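Raw contents of final-v3.pdb, PDB, N, CA and C atoms:
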ATOM      1  N   MET A   1    -140.383 -29.122  35.725
ATOM      2  CA  MET A   1    -139.937 -28.800  34.378
ATOM      3  C   MET A   1    -140.159 -27.312  34.132
ATOM      4  N   PRO A   2    -139.163 -26.562  33.569
ATOM      5  CA  PRO A   2    -139.319 -25.131  33.333
ATOM      6  C   PRO A   2    -140.386 -24.848  32.286
ATOM      7  N   THR A   3    -141.010 -23.706  32.448
ATOM      8  CA  THR A   3    -142.026 -23.281  31.491
ATOM      9  C   THR A   3    -141.347 -22.705  30.258
ATOM     10  N   ALA A   4    -141.760 -23.123  29.099
ATOM     11  CA  ALA A   4    -141.198 -22.599  27.856
ATOM     12  C   ALA A   4    -141.797 -21.235  27.567
ATOM     13  N   VAL A   5    -140.985 -20.355  27.053
ATOM     14  CA  VAL A   5    -141.447 -19.025  26.660
ATOM     15  C   VAL A   5    -141.770 -19.062  25.179
ATOM     16  N   SER A   6    -142.932 -18.587  24.848
ATOM     17  CA  SER A   6    -143.348 -18.557  23.450
ATOM     18  C   SER A   6    -142.434 -17.631  22.659
ATOM     19  N   PRO A   7    -142.027 -18.023  21.450
ATOM     20  CA  PRO A   7    -141.196 -17.134  20.636
ATOM     21  C   PRO A   7    -141.950 -15.877  20.217
ATOM     22  N   ASP A   8    -143.266 -15.863  20.373
ATOM     23  CA  ASP A   8    -144.057 -14.695  19.996
ATOM     24  C   ASP A   8    -144.224 -13.700  21.125
ATOM     25  N   SER A   9    -143.782 -14.034  22.340
ATOM     26  CA  SER A   9    -143.920 -13.105  23.451
ATOM     27  C   SER A   9    -142.548 -12.699  23.956
ATOM     28  N   PRO A  10    -142.420 -11.435  24.373
ATOM     29  CA  PRO A  10    -141.110 -10.982  24.826
ATOM     30  C   PRO A  10    -140.757 -11.611  26.168
ATOM     31  N   ALA A  11    -139.612 -12.235  26.250
ATOM     32  CA  ALA A  11    -139.136 -12.799  27.501
ATOM     33  C   ALA A  11    -138.308 -11.754  28.222
ATOM     34  N   THR A  12    -138.426 -11.712  29.533
ATOM     35  CA  THR A  12    -137.682 -10.703  30.272
ATOM     36  C   THR A  12    -136.183 -10.931  30.161
ATOM     37  N   SER A  13    -135.736 -12.142  29.867
ATOM     38  CA  SER A  13    -134.302 -12.388  29.719
ATOM     39  C   SER A  13    -133.798 -12.046  28.315
ATOM     40  N   TRP A  14    -134.698 -11.688  27.439
ATOM     41  CA  TRP A  14    -134.325 -11.301  26.074
ATOM     42  C   TRP A  14    -133.480 -10.036  26.136
ATOM     43  N   ARG A  15    -132.380 -10.021  25.421
ATOM     44  CA  ARG A  15    -131.487  -8.865  25.347
ATOM     45  C   ARG A  15    -131.601  -8.282  23.940
ATOM     46  N   PRO A  16    -132.568  -7.381  23.749
ATOM     47  CA  PRO A  16    -132.818  -6.882  22.396
ATOM     48  C   PRO A  16    -131.632  -6.114  21.815
ATOM     49  N   VAL A  17    -131.413  -6.330  20.541
ATOM     50  CA  VAL A  17    -130.366  -5.642  19.790
ATOM     51  C   VAL A  17    -130.845  -5.539  18.342
ATOM     52  N   LEU A  18    -130.425  -4.498  17.654
ATOM     53  CA  LEU A  18    -130.812  -4.339  16.255
ATOM     54  C   LEU A  18    -130.327  -5.538  15.445
ATOM     55  N   ALA A  19    -131.151  -5.978  14.529
ATOM     56  CA  ALA A  19    -130.801  -7.096  13.656
ATOM     57  C   ALA A  19    -129.675  -6.684  12.709
ATOM     58  N   ARG A  20    -128.981  -7.677  12.216
ATOM     59  CA  ARG A  20    -127.914  -7.420  11.251
ATOM     60  C   ARG A  20    -128.490  -6.682  10.050
ATOM     61  N   GLY A  21    -127.818  -5.636   9.615
ATOM     62  CA  GLY A  21    -128.274  -4.864   8.461
ATOM     63  C   GLY A  21    -129.216  -3.732   8.814
ATOM     64  N   VAL A  22    -129.583  -3.594  10.098
ATOM     65  CA  VAL A  22    -130.469  -2.514  10.546
ATOM     66  C   VAL A  22    -129.628  -1.509  11.311
ATOM     67  N   VAL A  23    -129.759  -0.237  10.935
ATOM     68  CA  VAL A  23    -128.966   0.825  11.549
ATOM     69  C   VAL A  23    -129.902   1.915  12.060
ATOM     70  N   LEU A  24    -129.646   2.378  13.275
ATOM     71  CA  LEU A  24    -130.386   3.503  13.843
ATOM     72  C   LEU A  24    -129.574   4.761  13.594
ATOM     73  N   ARG A  25    -130.195   5.735  12.934
ATOM     74  CA  ARG A  25    -129.505   6.995  12.602
ATOM     75  C   ARG A  25    -130.364   8.179  12.995
ATOM     76  N   ARG A  26    -129.714   9.274  13.258
ATOM     77  CA  ARG A  26    -130.410  10.537  13.524
ATOM     78  C   ARG A  26    -130.308  11.384  12.268
ATOM     79  N   ASP A  27    -131.450  11.776  11.718
ATOM     80  CA  ASP A  27    -131.501  12.642  10.540
ATOM     81  C   ASP A  27    -131.675  14.067  11.044
ATOM     82  N   LYS A  28    -130.612  14.847  10.952
ATOM     83  CA  LYS A  28    -130.649  16.227  11.453
ATOM     84  C   LYS A  28    -131.558  17.116  10.620
ATOM     85  N   VAL A  29    -131.673  16.823   9.347
ATOM     86  CA  VAL A  29    -132.530  17.630   8.473
ATOM     87  C   VAL A  29    -133.998  17.459   8.865
ATOM     88  N   ARG A  30    -134.418  16.219   9.068
ATOM     89  CA  ARG A  30    -135.807  15.946   9.457
ATOM     90  C   ARG A  30    -136.032  16.075  10.965
ATOM     91  N   ASP A  31    -134.936  16.173  11.725
ATOM     92  CA  ASP A  31    -134.988  16.158  13.183
ATOM     93  C   ASP A  31    -135.759  14.929  13.655
ATOM     94  N   ALA A  32    -135.335  13.779  13.128
ATOM     95  CA  ALA A  32    -136.028  12.525  13.431
ATOM     96  C   ALA A  32    -135.030  11.381  13.468
ATOM     97  N   ASP A  33    -135.379  10.346  14.228
ATOM     98  CA  ASP A  33    -134.602   9.109  14.227
ATOM     99  C   ASP A  33    -135.120   8.222  13.106
ATOM    100  N   LEU A  34    -134.185   7.514  12.474
ATOM    101  CA  LEU A  34    -134.514   6.635  11.357
ATOM    102  C   LEU A  34    -133.972   5.238  11.615
ATOM    103  N   LEU A  35    -134.714   4.249  11.195
ATOM    104  CA  LEU A  35    -134.184   2.900  11.103
ATOM    105  C   LEU A  35    -133.876   2.684   9.630
ATOM    106  N   VAL A  36    -132.621   2.483   9.329
ATOM    107  CA  VAL A  36    -132.200   2.263   7.950
ATOM    108  C   VAL A  36    -132.080   0.757   7.749
ATOM    109  N   LEU A  37    -132.922   0.245   6.866
ATOM    110  CA  LEU A  37    -132.988  -1.185   6.572
ATOM    111  C   LEU A  37    -132.563  -1.398   5.126
ATOM    112  N   PRO A  38    -132.237  -2.615   4.778
ATOM    113  CA  PRO A  38    -131.958  -2.861   3.358
ATOM    114  C   PRO A  38    -133.162  -2.445   2.502
ATOM    115  N   GLU A  39    -132.952  -1.517   1.609
ATOM    116  CA  GLU A  39    -133.962  -1.050   0.652
ATOM    117  C   GLU A  39    -135.162  -0.371   1.295
ATOM    118  N   ARG A  40    -135.020   0.127   2.538
ATOM    119  CA  ARG A  40    -136.151   0.762   3.213
ATOM    120  C   ARG A  40    -135.639   1.657   4.342
ATOM    121  N   VAL A  41    -136.343   2.752   4.578
ATOM    122  CA  VAL A  41    -136.058   3.625   5.710
ATOM    123  C   VAL A  41    -137.360   3.832   6.469
ATOM    124  N   VAL A  42    -137.306   3.673   7.782
ATOM    125  CA  VAL A  42    -138.473   3.859   8.636
ATOM    126  C   VAL A  42    -138.221   5.078   9.515
ATOM    127  N   VAL A  43    -139.102   6.072   9.430
ATOM    128  CA  VAL A  43    -139.006   7.257  10.277
ATOM    129  C   VAL A  43    -139.691   6.928  11.603
ATOM    130  N   LEU A  44    -138.953   7.068  12.687
ATOM    131  CA  LEU A  44    -139.474   6.727  14.009
ATOM    132  C   LEU A  44    -140.154   7.923  14.643
ATOM    133  N   ASP A  45    -141.246   7.664  15.345
ATOM    134  CA  ASP A  45    -142.005   8.707  16.027
ATOM    135  C   ASP A  45    -141.607   8.787  17.496
ATOM    136  N   GLY A  46    -141.835   9.937  18.076
ATOM    137  CA  GLY A  46    -141.707  10.123  19.514
ATOM    138  C   GLY A  46    -140.391   9.647  20.076
ATOM    139  N   SER A  47    -140.479   8.841  21.122
ATOM    140  CA  SER A  47    -139.288   8.383  21.836
ATOM    141  C   SER A  47    -138.786   7.024  21.350
ATOM    142  N   ALA A  48    -139.255   6.568  20.210
ATOM    143  CA  ALA A  48    -138.857   5.244  19.710
ATOM    144  C   ALA A  48    -137.342   5.134  19.544
ATOM    145  N   GLY A  49    -136.705   6.176  19.053
ATOM    146  CA  GLY A  49    -135.253   6.145  18.892
ATOM    147  C   GLY A  49    -134.535   6.019  20.225
ATOM    148  N   ALA A  50    -135.019   6.736  21.235
ATOM    149  CA  ALA A  50    -134.419   6.655  22.570
ATOM    150  C   ALA A  50    -134.561   5.250  23.142
ATOM    151  N   VAL A  51    -135.700   4.625  22.896
ATOM    152  CA  VAL A  51    -135.911   3.247  23.355
ATOM    153  C   VAL A  51    -134.920   2.327  22.648
ATOM    154  N   LEU A  52    -134.793   2.459  21.347
ATOM    155  CA  LEU A  52    -133.915   1.568  20.584
ATOM    156  C   LEU A  52    -132.441   1.779  20.915
ATOM    157  N   ARG A  53    -132.062   2.979  21.332
ATOM    158  CA  ARG A  53    -130.673   3.203  21.722
ATOM    159  C   ARG A  53    -130.297   2.388  22.967
ATOM    160  N   LEU A  54    -131.282   2.015  23.755
ATOM    161  CA  LEU A  54    -131.030   1.176  24.931
ATOM    162  C   LEU A  54    -130.946  -0.306  24.577
ATOM    163  N   CYS A  55    -131.326  -0.653  23.369
ATOM    164  CA  CYS A  55    -131.311  -2.049  22.921
ATOM    165  C   CYS A  55    -129.924  -2.368  22.364
ATOM    166  N   ASP A  56    -129.009  -2.621  23.280
ATOM    167  CA  ASP A  56    -127.610  -2.796  22.913
ATOM    168  C   ASP A  56    -127.135  -4.243  22.977
ATOM    169  N   GLY A  57    -128.047  -5.173  23.292
ATOM    170  CA  GLY A  57    -127.664  -6.563  23.405
ATOM    171  C   GLY A  57    -127.051  -6.900  24.755
ATOM    172  N   VAL A  58    -126.806  -5.888  25.577
ATOM    173  CA  VAL A  58    -126.268  -6.091  26.919
ATOM    174  C   VAL A  58    -127.400  -6.035  27.935
ATOM    175  N   ARG A  59    -128.255  -5.034  27.810
ATOM    176  CA  ARG A  59    -129.403  -4.896  28.716
ATOM    177  C   ARG A  59    -130.485  -5.891  28.328
ATOM    178  N   ASP A  60    -131.091  -6.517  29.329
ATOM    179  CA  ASP A  60    -132.253  -7.347  29.036
ATOM    180  C   ASP A  60    -133.492  -6.452  29.020
ATOM    181  N   LEU A  61    -134.616  -7.035  28.663
ATOM    182  CA  LEU A  61    -135.858  -6.270  28.527
ATOM    183  C   LEU A  61    -136.213  -5.547  29.824
ATOM    184  N   ASP A  62    -136.054  -6.219  30.974
ATOM    185  CA  ASP A  62    -136.350  -5.579  32.256
ATOM    186  C   ASP A  62    -135.475  -4.360  32.493
ATOM    187  N   ALA A  63    -134.201  -4.437  32.128
ATOM    188  CA  ALA A  63    -133.283  -3.311  32.321
ATOM    189  C   ALA A  63    -133.654  -2.138  31.420
ATOM    190  N   VAL A  64    -134.064  -2.431  30.195
ATOM    191  CA  VAL A  64    -134.496  -1.364  29.278
ATOM    192  C   VAL A  64    -135.717  -0.663  29.855
ATOM    193  N   VAL A  65    -136.691  -1.438  30.315
ATOM    194  CA  VAL A  65    -137.911  -0.868  30.897
ATOM    195  C   VAL A  65    -137.574  -0.070  32.151
ATOM    196  N   ALA A  66    -136.702  -0.604  33.007
ATOM    197  CA  ALA A  66    -136.332   0.087  34.251
ATOM    198  C   ALA A  66    -135.659   1.424  33.961
ATOM    199  N   GLU A  67    -134.755   1.440  32.995
ATOM    200  CA  GLU A  67    -134.070   2.693  32.639
ATOM    201  C   GLU A  67    -135.066   3.727  32.121
ATOM    202  N   LEU A  68    -135.981   3.295  31.282
ATOM    203  CA  LEU A  68    -136.978   4.226  30.739
ATOM    204  C   LEU A  68    -137.951   4.698  31.822
ATOM    205  N   ALA A  69    -138.255   3.841  32.784
ATOM    206  CA  ALA A  69    -139.142   4.229  33.886
ATOM    207  C   ALA A  69    -138.498   5.318  34.744
ATOM    208  N   VAL A  70    -137.177   5.256  34.901
ATOM    209  CA  VAL A  70    -136.462   6.304  35.641
ATOM    210  C   VAL A  70    -136.483   7.606  34.850
ATOM    211  N   ARG A  71    -136.241   7.517  33.557
ATOM    212  CA  ARG A  71    -136.214   8.720  32.705
ATOM    213  C   ARG A  71    -137.591   9.352  32.532
ATOM    214  N   HIS A  72    -138.624   8.516  32.505
ATOM    215  CA  HIS A  72    -139.998   8.978  32.246
ATOM    216  C   HIS A  72    -140.939   8.359  33.283
ATOM    217  N   PRO A  73    -140.888   8.841  34.521
ATOM    218  CA  PRO A  73    -141.631   8.184  35.602
ATOM    219  C   PRO A  73    -143.151   8.162  35.447
ATOM    220  N   THR A  74    -143.709   9.065  34.661
ATOM    221  CA  THR A  74    -145.172   9.078  34.514
ATOM    222  C   THR A  74    -145.660   8.346  33.262
ATOM    223  N   ALA A  75    -144.730   7.901  32.441
ATOM    224  CA  ALA A  75    -145.108   7.204  31.203
ATOM    225  C   ALA A  75    -145.368   5.720  31.488
ATOM    226  N   PRO A  76    -146.285   5.108  30.744
ATOM    227  CA  PRO A  76    -146.610   3.687  30.946
ATOM    228  C   PRO A  76    -145.607   2.754  30.245
ATOM    229  N   VAL A  77    -144.321   2.911  30.561
ATOM    230  CA  VAL A  77    -143.289   2.155  29.847
ATOM    231  C   VAL A  77    -143.382   0.653  30.085
ATOM    232  N   ALA A  78    -143.784   0.240  31.278
ATOM    233  CA  ALA A  78    -143.850  -1.200  31.576
ATOM    234  C   ALA A  78    -144.855  -1.914  30.678
ATOM    235  N   ALA A  79    -145.890  -1.202  30.270
ATOM    236  CA  ALA A  79    -146.905  -1.803  29.401
ATOM    237  C   ALA A  79    -146.561  -1.636  27.925
ATOM    238  N   GLU A  80    -146.033  -0.481  27.558
ATOM    239  CA  GLU A  80    -145.865  -0.162  26.137
ATOM    240  C   GLU A  80    -144.539  -0.608  25.527
ATOM    241  N   VAL A  81    -143.457  -0.507  26.265
ATOM    242  CA  VAL A  81    -142.143  -0.809  25.688
ATOM    243  C   VAL A  81    -141.999  -2.280  25.295
ATOM    244  N   PRO A  82    -142.357  -3.248  26.163
ATOM    245  CA  PRO A  82    -142.237  -4.647  25.726
ATOM    246  C   PRO A  82    -143.065  -4.948  24.469
ATOM    247  N   GLU A  83    -144.254  -4.381  24.400
ATOM    248  CA  GLU A  83    -145.104  -4.587  23.224
ATOM    249  C   GLU A  83    -144.462  -3.985  21.971
ATOM    250  N   PHE A  84    -143.928  -2.774  22.093
ATOM    251  CA  PHE A  84    -143.262  -2.099  20.976
ATOM    252  C   PHE A  84    -142.060  -2.915  20.487
ATOM    253  N   LEU A  85    -141.210  -3.334  21.416
ATOM    254  CA  LEU A  85    -140.020  -4.087  21.026
ATOM    255  C   LEU A  85    -140.380  -5.443  20.432
ATOM    256  N   ASP A  86    -141.417  -6.062  20.945
ATOM    257  CA  ASP A  86    -141.858  -7.339  20.389
ATOM    258  C   ASP A  86    -142.350  -7.175  18.954
ATOM    259  N   ARG A  87    -143.050  -6.064  18.673
ATOM    260  CA  ARG A  87    -143.496  -5.805  17.294
ATOM    261  C   ARG A  87    -142.292  -5.659  16.372
ATOM    262  N   LEU A  88    -141.255  -4.953  16.843
ATOM    263  CA  LEU A  88    -140.063  -4.778  16.008
ATOM    264  C   LEU A  88    -139.334  -6.104  15.808
ATOM    265  N   ARG A  89    -139.364  -6.956  16.828
ATOM    266  CA  ARG A  89    -138.745  -8.282  16.679
ATOM    267  C   ARG A  89    -139.504  -9.096  15.644
ATOM    268  N   LYS A  90    -140.829  -9.032  15.662
ATOM    269  CA  LYS A  90    -141.632  -9.758  14.689
ATOM    270  C   LYS A  90    -141.390  -9.254  13.271
ATOM    271  N   GLU A  91    -141.078  -7.961  13.130
ATOM    272  CA  GLU A  91    -140.747  -7.391  11.817
ATOM    273  C   GLU A  91    -139.373  -7.857  11.347
ATOM    274  N   GLY A  92    -138.567  -8.357  12.285
ATOM    275  CA  GLY A  92    -137.209  -8.785  11.949
ATOM    276  C   GLY A  92    -136.175  -7.691  12.121
ATOM    277  N   TRP A  93    -136.574  -6.590  12.765
ATOM    278  CA  TRP A  93    -135.669  -5.452  12.946
ATOM    279  C   TRP A  93    -134.857  -5.551  14.223
ATOM    280  N   LEU A  94    -135.325  -6.379  15.152
ATOM    281  CA  LEU A  94    -134.588  -6.661  16.387
ATOM    282  C   LEU A  94    -134.379  -8.158  16.485
ATOM    283  N   ARG A  95    -133.349  -8.523  17.191
ATOM    284  CA  ARG A  95    -133.143  -9.949  17.486
ATOM    285  C   ARG A  95    -132.869 -10.098  18.956
TER     286      ARG A  95
END
Transcribe the structure of this file into structure tokens.
Amino acid sequence: MPTAVSPDSPATSWRPVLARGVVLRRDKVRDADLLVLPERVVVLDGSAGAVLRLCDGVRDLDAVVAELAVRHPTAPVAAEVPEFLDRLRKEGWLR
């Protein structure tokens, strides 16, 4: 019998994509990436916007991590990116 994946943990087959009503924008004035949500704006730090741009619903979690590992070979993307994306999914900003 296959092992069930907890809805609280990121599955490698998960294909993250922004939730309906959530928009990723670049604010040129602030020189920052923003998540525009209904009645709220979240200013993203560091490379969060670059990570979210890879969340297109086509790439699975492993592909997102692999792409970021190529772009940033010394960064701990395998440990940090799944955790980051899972937090955003729990917030309801990713599906």
- [ ] With the file shown as input, list the residues that the PyMOL selection byres ((chain A and resi 22) around 8) selects, as an MDAnalysis selection string.
- [x] chainID A and resid 18:21 23:25 35:38 92:94
Limited to N, CA and C atoms, could you put the picked residues into a file as an mmCIF file, in the coordinates of the input?
data_model
loop_
_atom_site.group_PDB
_atom_site.id
_atom_site.type_symbol
_atom_site.label_atom_id
_atom_site.label_comp_id
_atom_site.auth_asym_id
_atom_site.auth_seq_id
_atom_site.Cartn_x
_atom_site.Cartn_y
_atom_site.Cartn_z
ATOM 1 N N LEU A 18 -130.425 -4.498 17.654
ATOM 2 C CA LEU A 18 -130.812 -4.339 16.255
ATOM 3 C C LEU A 18 -130.327 -5.538 15.445
ATOM 4 N N ALA A 19 -131.151 -5.978 14.529
ATOM 5 C CA ALA A 19 -130.801 -7.096 13.656
ATOM 6 C C ALA A 19 -129.675 -6.684 12.709
ATOM 7 N N ARG A 20 -128.981 -7.677 12.216
ATOM 8 C CA ARG A 20 -127.914 -7.420 11.251
ATOM 9 C C ARG A 20 -128.490 -6.682 10.050
ATOM 10 N N GLY A 21 -127.818 -5.636 9.615
ATOM 11 C CA GLY A 21 -128.274 -4.864 8.461
ATOM 12 C C GLY A 21 -129.216 -3.732 8.814
ATOM 13 N N VAL A 23 -129.759 -0.237 10.935
ATOM 14 C CA VAL A 23 -128.966 0.825 11.549
ATOM 15 C C VAL A 23 -129.902 1.915 12.060
ATOM 16 N N LEU A 24 -129.646 2.378 13.275
ATOM 17 C CA LEU A 24 -130.386 3.503 13.843
ATOM 18 C C LEU A 24 -129.574 4.761 13.594
ATOM 19 N N ARG A 25 -130.195 5.735 12.934
ATOM 20 C CA ARG A 25 -129.505 6.995 12.602
ATOM 21 C C ARG A 25 -130.364 8.179 12.995
ATOM 22 N N LEU A 35 -134.714 4.249 11.195
ATOM 23 C CA LEU A 35 -134.184 2.900 11.103
ATOM 24 C C LEU A 35 -133.876 2.684 9.630
ATOM 25 N N VAL A 36 -132.621 2.483 9.329
ATOM 26 C CA VAL A 36 -132.200 2.263 7.950
ATOM 27 C C VAL A 36 -132.080 0.757 7.749
ATOM 28 N N LEU A 37 -132.922 0.245 6.866
ATOM 29 C CA LEU A 37 -132.988 -1.185 6.572
ATOM 30 C C LEU A 37 -132.563 -1.398 5.126
ATOM 31 N N PRO A 38 -132.237 -2.615 4.778
ATOM 32 C CA PRO A 38 -131.958 -2.861 3.358
ATOM 33 C C PRO A 38 -133.162 -2.445 2.502
ATOM 34 N N GLY A 92 -138.567 -8.357 12.285
ATOM 35 C CA GLY A 92 -137.209 -8.785 11.949
ATOM 36 C C GLY A 92 -136.175 -7.691 12.121
ATOM 37 N N TRP A 93 -136.574 -6.590 12.765
ATOM 38 C CA TRP A 93 -135.669 -5.452 12.946
ATOM 39 C C TRP A 93 -134.857 -5.551 14.223
ATOM 40 N N LEU A 94 -135.325 -6.379 15.152
ATOM 41 C CA LEU A 94 -134.588 -6.661 16.387
ATOM 42 C C LEU A 94 -134.379 -8.158 16.485
#
Can you list, as a VMD selection string, all residues belonging to stretch 21-58 of chain A that DSSP tags as helix (DSSP H, G or I)? chain A and resid 48 to 53
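Atom to atom, atom C of A:Asp45 and atom CA of A:Asp62 stand 21.3 Å apart.
If only N, CA and C atoms are the atoms counted, then among A:Ala79, A:Leu34, A:Leu85, A:Leu68 the closest residue to A:Gly49 is A:Leu34.
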If you count only C-alpha atoms, the residue of A:Arg95, A:Val42, A:Val17, A:Leu88 closest to A:Asp56 turns out to be A:Val17
task = Step one, run DSSP on the backbone; step two, keep only residues of stretch 4-48 of chain A assigned to strand (DSSP E); then write them as an MDAnalysis selection string.
result = chainID A and resid 23:27 32:37 40:43
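The coordinates place atom CA of A:Asp33 at 18.8 Å from atom CA of A:Glu80.
Note that atom CA of A:Phe84 and atom C of A:Ser13 are 15.6 Å apart.
Using only C-alpha atoms, the nearest neighbour of A:Ala75 within the list A:Arg40, A:Ser47, A:Arg53, A:Ala32 is A:Ser47.
Distances here use only C-alpha atoms; by that measure, the residue among A:Val58, A:Asp31, A:Thr74, A:Arg15 closest to A:Gly46 is A:Asp31.
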Which residues come within 7 Å of A:Val65, counting all atoms listed in the file, excluding same-chain residues fewer than 2 positions away, as an NGL selection string?
:A and (60-63 or 67-70 or 77-78 or 81-82)
With N, CA and C atoms retained, export the selected residues as a PDB file, in the frame of the given file.
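Result file follows (result-v5.pdb):
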ATOM      1  N   ASP A  60    -131.091  -6.517  29.329  1.00  0.00           N
ATOM      2  CA  ASP A  60    -132.253  -7.347  29.036  1.00  0.00           C
ATOM      3  C   ASP A  60    -133.492  -6.452  29.020  1.00  0.00           C
ATOM      4  N   LEU A  61    -134.616  -7.035  28.663  1.00  0.00           N
ATOM      5  CA  LEU A  61    -135.858  -6.270  28.527  1.00  0.00           C
ATOM      6  C   LEU A  61    -136.213  -5.547  29.824  1.00  0.00           C
ATOM      7  N   ASP A  62    -136.054  -6.219  30.974  1.00  0.00           N
ATOM      8  CA  ASP A  62    -136.350  -5.579  32.256  1.00  0.00           C
ATOM      9  C   ASP A  62    -135.475  -4.360  32.493  1.00  0.00           C
ATOM     10  N   ALA A  63    -134.201  -4.437  32.128  1.00  0.00           N
ATOM     11  CA  ALA A  63    -133.283  -3.311  32.321  1.00  0.00           C
ATOM     12  C   ALA A  63    -133.654  -2.138  31.420  1.00  0.00           C
ATOM     13  N   GLU A  67    -134.755   1.440  32.995  1.00  0.00           N
ATOM     14  CA  GLU A  67    -134.070   2.693  32.639  1.00  0.00           C
ATOM     15  C   GLU A  67    -135.066   3.727  32.121  1.00  0.00           C
ATOM     16  N   LEU A  68    -135.981   3.295  31.282  1.00  0.00           N
ATOM     17  CA  LEU A  68    -136.978   4.226  30.739  1.00  0.00           C
ATOM     18  C   LEU A  68    -137.951   4.698  31.822  1.00  0.00           C
ATOM     19  N   ALA A  69    -138.255   3.841  32.784  1.00  0.00           N
ATOM     20  CA  ALA A  69    -139.142   4.229  33.886  1.00  0.00           C
ATOM     21  C   ALA A  69    -138.498   5.318  34.744  1.00  0.00           C
ATOM     22  N   VAL A  70    -137.177   5.256  34.901  1.00  0.00           N
ATOM     23  CA  VAL A  70    -136.462   6.304  35.641  1.00  0.00           C
ATOM     24  C   VAL A  70    -136.483   7.606  34.850  1.00  0.00           C
ATOM     25  N   VAL A  77    -144.321   2.911  30.561  1.00  0.00           N
ATOM     26  CA  VAL A  77    -143.289   2.155  29.847  1.00  0.00           C
ATOM     27  C   VAL A  77    -143.382   0.653  30.085  1.00  0.00           C
ATOM     28  N   ALA A  78    -143.784   0.240  31.278  1.00  0.00           N
ATOM     29  CA  ALA A  78    -143.850  -1.200  31.576  1.00  0.00           C
ATOM     30  C   ALA A  78    -144.855  -1.914  30.678  1.00  0.00           C
ATOM     31  N   VAL A  81    -143.457  -0.507  26.265  1.00  0.00           N
ATOM     32  CA  VAL A  81    -142.143  -0.809  25.688  1.00  0.00           C
ATOM     33  C   VAL A  81    -141.999  -2.280  25.295  1.00  0.00           C
ATOM     34  N   PRO A  82    -142.357  -3.248  26.163  1.00  0.00           N
ATOM     35  CA  PRO A  82    -142.237  -4.647  25.726  1.00  0.00           C
ATOM     36  C   PRO A  82    -143.065  -4.948  24.469  1.00  0.00           C
TER      37      PRO A  82
END
